[in-house]
Structures are given as C-alpha cells and as structure tokens.
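K.L.:
Shown below is the structure under consideration.
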Amino acid sequence: THHPGTYALLGIHWWRGYYHWVLDVLPRLSLLEHCQLQRSVRLIVPADMAPYQYESLKLVGISSDRMVEFSGDHWQVDSLYFPSPLSLTGNPSPWAVSWLRERIMGALELDNPTASRLLYITRRDASQRKITNEEHLVDVLVKWGFEVICPGELSFADQVKLFSQARIVIGPHGAGLANIVFAPRTATLIELFPANFINGCYWALANACGQAYTFVIGT
C-alpha cells in the first residue's frame, strides 16, 4: 500500500512494555526534534496502543492527527525517517533522561515538586515477580508512612505526578519502577529481587538520574 508523504517510524520490538515505551521509544522523538523534523512529518505508530501511550505522546507534543497506526501489512512511503535508539536497552542515556523530564514534567508544570512521599510499588496486577508475603511487608511499610501504589491502575500523568514527589521508592523489579525517571534527584530507590533473577536496568536508570540506589535479595 502506497502512502504518499514523509513519515517517521516510532516503534521497536518491545513497544508494548511500559519500561521500553518510556525509556526506549519516547526519547527517540528527541532526535526528530533535534533535527527540526518533529512538526513536519507524520508519525507511524503501532496499532492498538494502550491509553498511557497515546497520553504520553500528547504530552510530548504529538497530536492525534499526526499519528498513523501501522497494523502489520506492507507499506511504501515517499520518505521515511527512522530515529535510532539513543542507547542500548537497560542502560538509558542521560540525554534521554533529561529530555523526558524536560518535556513531560514541563507539560505537566511539575517544575518544583516537593519530594516527601514514601512509595511502595506493588505488582499485584502482574502475572509474575510478585512478593509472596506482600501483605506482611505492606503492614510494616505502612507503619513507616509508605503509600501502596499500583502504577497500572493510574493514568500516565498521575504516575508522573506521583513519582515527582517521591523521596523513597521501594518495589520488586518491574516496569512501574521506570517512573523513577520522573523522581527528584534526591530520591532513593530500593529494589527487591528474587535470588534467581538480578537485572541492573534500574541501577543504570538511577545513576543516569543522579539518584541513590540499593537492592535487597529475597527468597
């Protein structure tokens, strides 16, 4: 199918994952912006995106009339730009972090949030990597002033606003922790791992954000 005009392709193999969308996909728009192309090309996006994905694109200045959904058939366009990933997945670049904070937090007018909230990030809506004794853990954390947050139950904007106020974030390894990209540089992330799975992507993200990081291994 021929589609006349100039387009940019925004999509990677893992685009459905929240972490990959926020840290691998969205920052690629910064390259179009840097080359002064963001407003002059239409954007090819995956079909059937989640509400948070549409919401995030709107926050970085992509209106719905500029999105063209690709359903997986064969297209030919007159001219195609492919903004490359800014870094290897799992090791986000400082450029990506700065751009996300500037564009998204700026759009939400979160310039000087108060970093006071203590957040426990639950994976109760996930199919794997849940805390077996989470009820007991939550009882302890609530006594210390922590709020229990399930990011998947919130809009994208509400997740950004919540994490922008975080002083300490605790949670098992999972996509919801990607939101620490919007947390203050004074924030601390405490990540919970099972003994048979260690992943350093949030250590790398905390480093890029200038935040403190530590982890706990459970059984």
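Just remember, in the structure tokens the first chain shown is A, the second B, etc., residues are 1-based per chain, and ligands are 1-based in the order shown.
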Could you name the residues that touch Val169 of chain A at 12 Å or less, counting only C-alpha atoms, but leaving out those on the same chain fewer than 2 positions away, as a VMD selection string?

P.N.:
chain A and resid 115 to 122 141 145 to 149 162 to 167 171 to 173 176 to 184 186 to 192 202 206 211 to 215

K.L.:
List as a VMD selection string the protein and nucleic acid residues near segment 18-30 of chain A, meaning an atom at most 10 Å away when only C-alpha atoms are counted, but skip any in the same chain fewer than 2 places from it.

P.N.:
chain A and resid 8 to 16 32 to 38 43 50 52 to 53 56 to 57 60 to 62 82 to 93 95 to 100 103 152 174 to 179 181 201 205

K.L.:
Counting only C-alpha atoms, which residue out of A:Val160, A:Ile131, A:Arg66, A:Ser79 sits closest to Gly106 of chain A?

P.N.:
A:Val160

K.L.:
Between A:Lys58, A:Arg101, A:His74, A:Arg42, which one has atoms that come closest to Arg185 of chain A, using only C-alpha atoms?

P.N.:
A:Arg101

K.L.:
Using only C-alpha atoms, which protein or nucleic acid residues come within 6 Å of segment 193-198 of chain A? Drop anything in the same chain fewer than 2 positions from it, and give the result as a ChimeraX atom specification.

P.N.:
/A:217-219

K.L.:
If you run DSSP on the backbone, which residues of segment 51-162 of chain A are strand (DSSP E), as a compact mmCIF listing (two decimals) with N, CA, C and O atoms, in the first residue's frame?

P.N.:
# COMPACT_ATOMS: atom_id res chain seq x y z
N MET A 67 -0.62 11.04 13.95
CA MET A 67 -0.31 9.62 14.15
C MET A 67 -0.99 8.78 13.07
O MET A 67 -2.15 8.96 12.76
N VAL A 68 -0.23 7.84 12.52
CA VAL A 68 -0.76 6.88 11.56
C VAL A 68 -0.48 5.49 12.12
O VAL A 68 0.68 5.13 12.34
N GLU A 69 -1.54 4.72 12.38
CA GLU A 69 -1.37 3.42 13.02
C GLU A 69 -1.02 2.35 11.98
O GLU A 69 -1.68 2.21 10.96
N PHE A 70 0.04 1.61 12.29
CA PHE A 70 0.51 0.54 11.41
C PHE A 70 0.05 -0.80 11.96
O PHE A 70 0.39 -1.17 13.09
N GLN A 76 4.52 1.29 1.56
CA GLN A 76 5.59 2.04 0.89
C GLN A 76 5.27 3.52 1.04
O GLN A 76 4.15 3.95 0.76
N VAL A 77 6.26 4.29 1.52
CA VAL A 77 6.07 5.73 1.68
C VAL A 77 7.10 6.47 0.83
O VAL A 77 8.10 5.89 0.41
N ASP A 78 6.84 7.75 0.57
CA ASP A 78 7.76 8.52 -0.26
C ASP A 78 9.10 8.73 0.44
O ASP A 78 10.16 8.65 -0.18
N SER A 79 9.04 9.03 1.74
CA SER A 79 10.27 9.27 2.50
C SER A 79 10.05 8.84 3.94
O SER A 79 9.00 9.14 4.53
N LEU A 80 11.03 8.12 4.48
CA LEU A 80 10.89 7.58 5.84
C LEU A 80 12.11 7.90 6.68
O LEU A 80 13.25 7.61 6.28
N TYR A 81 11.88 8.51 7.84
CA TYR A 81 12.94 8.72 8.82
C TYR A 81 12.83 7.64 9.90
O TYR A 81 11.72 7.34 10.37
N ARG A 117 7.09 12.06 49.56
CA ARG A 117 6.26 10.87 49.64
C ARG A 117 7.11 9.60 49.66
O ARG A 117 8.14 9.48 48.99
N LEU A 118 6.64 8.64 50.43
CA LEU A 118 7.27 7.33 50.54
C LEU A 118 6.36 6.34 49.81
O LEU A 118 5.22 6.14 50.21
N LEU A 119 6.88 5.69 48.76
CA LEU A 119 6.05 4.87 47.89
C LEU A 119 6.50 3.42 47.88
O LEU A 119 7.68 3.13 47.70
N TYR A 120 5.54 2.51 48.08
CA TYR A 120 5.79 1.10 47.83
C TYR A 120 5.04 0.74 46.54
O TYR A 120 3.82 0.92 46.44
N ILE A 121 5.77 0.21 45.56
CA ILE A 121 5.20 -0.11 44.25
C ILE A 121 4.85 -1.60 44.20
O ILE A 121 5.74 -2.45 44.19
N GLU A 147 3.00 4.71 51.17
CA GLU A 147 1.76 4.53 50.43
C GLU A 147 1.93 3.35 49.48
O GLU A 147 2.98 3.19 48.87
N VAL A 148 0.88 2.54 49.33
CA VAL A 148 0.92 1.41 48.41
C VAL A 148 0.36 1.88 47.06
O VAL A 148 -0.79 2.31 46.97
N ILE A 149 1.18 1.77 46.01
CA ILE A 149 0.82 2.29 44.70
C ILE A 149 0.89 1.16 43.67
O ILE A 149 1.87 0.42 43.61

K.L.:
Taking the backbone alone, and naming residues the way the document does, which bits of segment 68-141 of chain A are helix (DSSP H, G or I) by DSSP, as a count of residues only?

P.N.:
22

K.L.:
Any idea what the distance is between atom CA of His2 of chain A and atom CA of Pro46 of chain A?

P.N.:
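Interatomic distance here is 17.6 Å.
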
K.L.:
Residues near Asp125 of chain A, anyone? I mean within 10 Å using only C-alpha atoms, not counting same-chain ones fewer than 3 positions away, as a PyMOL selection string.

P.N.:
chain A and resi 122+128+130+150-153

K.L.:
Can you work out the spacing between atom CA of Glu102 of chain A and atom CA of Gly210 of chain A in Å, to one decimal?

P.N.:
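Separation of atom CA of Glu102 of chain A and atom CA of Gly210 of chain A: 15.4 Å.
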
K.L.:
Using only C-alpha atoms, which residue out of A:Thr1, A:Ile104, A:Leu137, A:Lys161 lies closest to Asp73 of chain A?

P.N.:
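Nearest to Asp73 of chain A: A:Thr1.
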